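Enquirer: Have a look at this one before I ask anything.
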Amino acid sequence: MSGEVLDTGALISWSINQMNGCVVTPSQREEILKIAPEREVVINTSNLIWKMPDEESLARASKFAIDTGDMAGLSKVDLELLALSIQENKKLITDDYRLQNLAEKAGINWGSISTKGISKLWEWELKCLACKKEYPTPEVPNKRKSDWGECIDCGSSLKLKRKKLLFRFILVFFSHSATINIRSSR
């Protein structure tokens with residue numbers, strides 16, 4: 001494979017030949033050293049293209065992540081990978097469902113490493129587990145996975161919950177089109 005943007009999972013599991021010519025961010029080096037230090041030699045031997053996304057692409061990726069509520073569940077590396085895929089208009093290879101969801105929303109092709117991948121698009125909201133107060137989506141990636149803080153009203157933990165969505169499907173018959181709204185059962 002050549003030219004795709006690779007999530008860290010691919011750097012951990014793919015061969016040198018599979019990674020040849022693929023694009024990654026410098027932030028992934030630190031992730032690799034923490035998660036799979038034994039892969040450092042393979043990574044250094046691979047003909048990877050190390051690149052940082054530009055500010056405009058980071059802003060676009062951030063907007064998608066905020067709009068869907070996915071920002072609260074992303075790492076800095078995740079956001080950079082999405083931005084790099086947007087900037088380079090390259091397929092994103094990841095098993096991260098959140099990144100697949102965002103790639104789909106952004107119109108970026110994606111592929112998975114070893115999973116089936118997503119079958120539905122999701123949006124998220126940050127809510128208090130006790131009083132159900134809804135909080136705005138964070139504007140930057142979360143530094144500590146699954147720790148979104150506490151409710152300012154009751155002190156209980158905040159959690160990402162999948163939103164109930166109204167989907168709009170467009171049916172096209174010849175030159176006619178109709179829009180149908182249906183309530184999601186998700």
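FYI, nothing fancy with the structure tokens labels: chains A, B, ... in order, residues from 1 per chain, ligands from 1 as they appear.
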Can you tell me which residues surround Tyr135 in chain A at a distance of at most 10 Å, considering only C-alpha atoms, apart from same-chain residues fewer than 4 positions away, and format the answer as a list in words?

Expert: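 The neighbour list is Glu125, Leu126, Lys127, Cys128, Cys151, Ile152, Leu158, Lys159 and Leu160 of chain A.
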
Enquirer: Using only C-alpha atoms, what does the table of range 26-76 of chain A residues within 7 Å of range 13-19 of chain A look like, with each row giving the shortest atom pair and its distance in Å to one decimal, sorted by chain and ascending number, as JSON lines?

Expert:
{"residue": "A:Val42", "atom": "CA", "partner": "A:Ile16", "partner_atom": "CA", "distance": 6.4}
{"residue": "A:Ser46", "atom": "CA", "partner": "A:Ile16", "partner_atom": "CA", "distance": 5.2}
{"residue": "A:Leu48", "atom": "CA", "partner": "A:Met19", "partner_atom": "CA", "distance": 6.6}

Enquirer: Would you please work out which residue, of A:Ala65, A:Val5, A:Arg39, A:Ile12, is nearest to Ser114 in chain A when using only C-alpha atoms?

Expert: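 Checking each of A:Ala65, A:Val5, A:Arg39, A:Ile12 against Ser114 in chain A, counting only C-alpha atoms, the winner is A:Ile12.
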
Enquirer: Enumerate, as a PyMOL selection string, the complete set of residues in range 16-173 of chain A that a backbone-based DSSP assignment places in helix (DSSP H, G or I).

Expert: chain A and resi 16-19+27-35+37-45+55-68+70-73+76-88+97-106

Enquirer: Pick from A:Thr94, A:Ser119, A:Thr68, A:Ser157: nearest to Pro138 in chain A, with only C-alpha atoms counted?

Expert: A:Thr68

Enquirer: So what do you get for CA of Glu80 in chain A versus CA of Pro136 in chain A, distance-wise?

Expert: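 Separation between CA of Glu80 in chain A and CA of Pro136 in chain A: 21.7 Å.
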
Enquirer: If you count only C-alpha atoms, which residues fall within 9 Å of Glu4 in chain A, apart from same-chain ones fewer than 3 positions away, as number ranges by chain?

Expert: A: 1, 19, 21-24, 85, 90-93, 110

Enquirer: Write out, as a compact mmCIF listing (two decimals), in the first residue's frame, the residues just selected, with all heavy atoms.

Expert:
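Produced file again-v9.txt, reproduced below:
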# COMPACT_ATOMS: atom_id res chain seq x y z
N MET A 1 0.86 -1.17 0.00
CA MET A 1 0.00 0.00 0.00
C MET A 1 0.90 1.22 0.00
O MET A 1 1.94 1.23 0.62
CB MET A 1 -0.90 0.00 1.22
CG MET A 1 -1.67 -1.27 1.40
SD MET A 1 -3.27 -0.94 2.09
CE MET A 1 -4.03 -2.50 1.78
N MET A 19 3.97 -0.52 4.75
CA MET A 19 4.06 0.87 5.19
C MET A 19 4.81 1.76 4.20
O MET A 19 4.76 2.98 4.32
CB MET A 19 4.76 0.95 6.56
CG MET A 19 3.94 0.34 7.67
SD MET A 19 4.68 0.62 9.30
CE MET A 19 6.02 -0.57 9.29
N GLY A 21 5.98 4.27 1.75
CA GLY A 21 5.36 5.41 1.09
C GLY A 21 4.13 5.96 1.78
O GLY A 21 3.49 6.89 1.29
N CYS A 22 3.78 5.42 2.94
CA CYS A 22 2.60 5.91 3.66
C CYS A 22 2.96 7.14 4.50
O CYS A 22 4.13 7.40 4.77
CB CYS A 22 2.02 4.81 4.54
SG CYS A 22 1.26 3.48 3.57
N VAL A 23 1.95 7.88 4.90
CA VAL A 23 2.13 9.16 5.60
C VAL A 23 1.76 9.00 7.07
O VAL A 23 0.73 8.39 7.39
CB VAL A 23 1.25 10.25 4.94
CG1 VAL A 23 1.49 11.60 5.58
CG2 VAL A 23 1.50 10.31 3.43
N VAL A 24 2.59 9.55 7.94
CA VAL A 24 2.36 9.50 9.39
C VAL A 24 2.77 10.84 10.00
O VAL A 24 3.43 11.64 9.35
CB VAL A 24 3.14 8.34 10.06
CG1 VAL A 24 2.60 6.99 9.63
CG2 VAL A 24 4.63 8.43 9.76
N SER A 85 -5.11 13.54 6.76
CA SER A 85 -5.92 12.91 5.71
C SER A 85 -6.71 13.94 4.92
O SER A 85 -6.83 13.84 3.70
CB SER A 85 -6.90 11.89 6.32
OG SER A 85 -6.21 10.79 6.82
N LYS A 90 -5.97 11.88 1.42
CA LYS A 90 -5.50 10.50 1.39
C LYS A 90 -6.38 9.64 2.28
O LYS A 90 -6.94 10.10 3.27
CB LYS A 90 -4.06 10.41 1.91
CG LYS A 90 -3.07 11.25 1.15
CD LYS A 90 -2.23 10.40 0.30
CE LYS A 90 -1.15 11.24 -0.36
NZ LYS A 90 -0.66 10.65 -1.54
N LYS A 91 -6.48 8.39 1.91
CA LYS A 91 -7.23 7.40 2.69
C LYS A 91 -6.61 7.26 4.08
O LYS A 91 -5.38 7.22 4.22
CB LYS A 91 -7.18 6.06 1.95
CG LYS A 91 -7.99 4.97 2.55
CD LYS A 91 -7.91 3.74 1.63
CE LYS A 91 -8.85 2.64 2.06
NZ LYS A 91 -8.79 1.53 1.11
N LEU A 92 -7.45 7.19 5.10
CA LEU A 92 -7.01 7.02 6.48
C LEU A 92 -7.16 5.56 6.86
O LEU A 92 -8.25 4.99 6.75
CB LEU A 92 -7.85 7.91 7.41
CG LEU A 92 -7.57 7.80 8.90
CD1 LEU A 92 -6.13 8.16 9.23
CD2 LEU A 92 -8.53 8.68 9.68
N ILE A 93 -6.09 4.94 7.31
CA ILE A 93 -6.11 3.54 7.73
C ILE A 93 -6.10 3.51 9.26
O ILE A 93 -5.14 3.93 9.90
CB ILE A 93 -4.89 2.76 7.18
CG1 ILE A 93 -4.81 2.87 5.66
CG2 ILE A 93 -4.95 1.30 7.65
CD1 ILE A 93 -5.97 2.26 4.91
N TRP A 110 -11.61 5.71 4.14
CA TRP A 110 -10.91 5.08 5.25
C TRP A 110 -10.91 3.58 5.05
O TRP A 110 -11.72 3.03 4.31
CB TRP A 110 -11.53 5.46 6.60
CG TRP A 110 -12.98 5.09 6.73
CD1 TRP A 110 -14.05 5.87 6.40
CD2 TRP A 110 -13.51 3.84 7.18
NE1 TRP A 110 -15.21 5.19 6.63
CE2 TRP A 110 -14.92 3.94 7.11
CE3 TRP A 110 -12.95 2.66 7.64
CZ2 TRP A 110 -15.76 2.89 7.49
CZ3 TRP A 110 -13.78 1.62 8.01
CH2 TRP A 110 -15.18 1.75 7.95
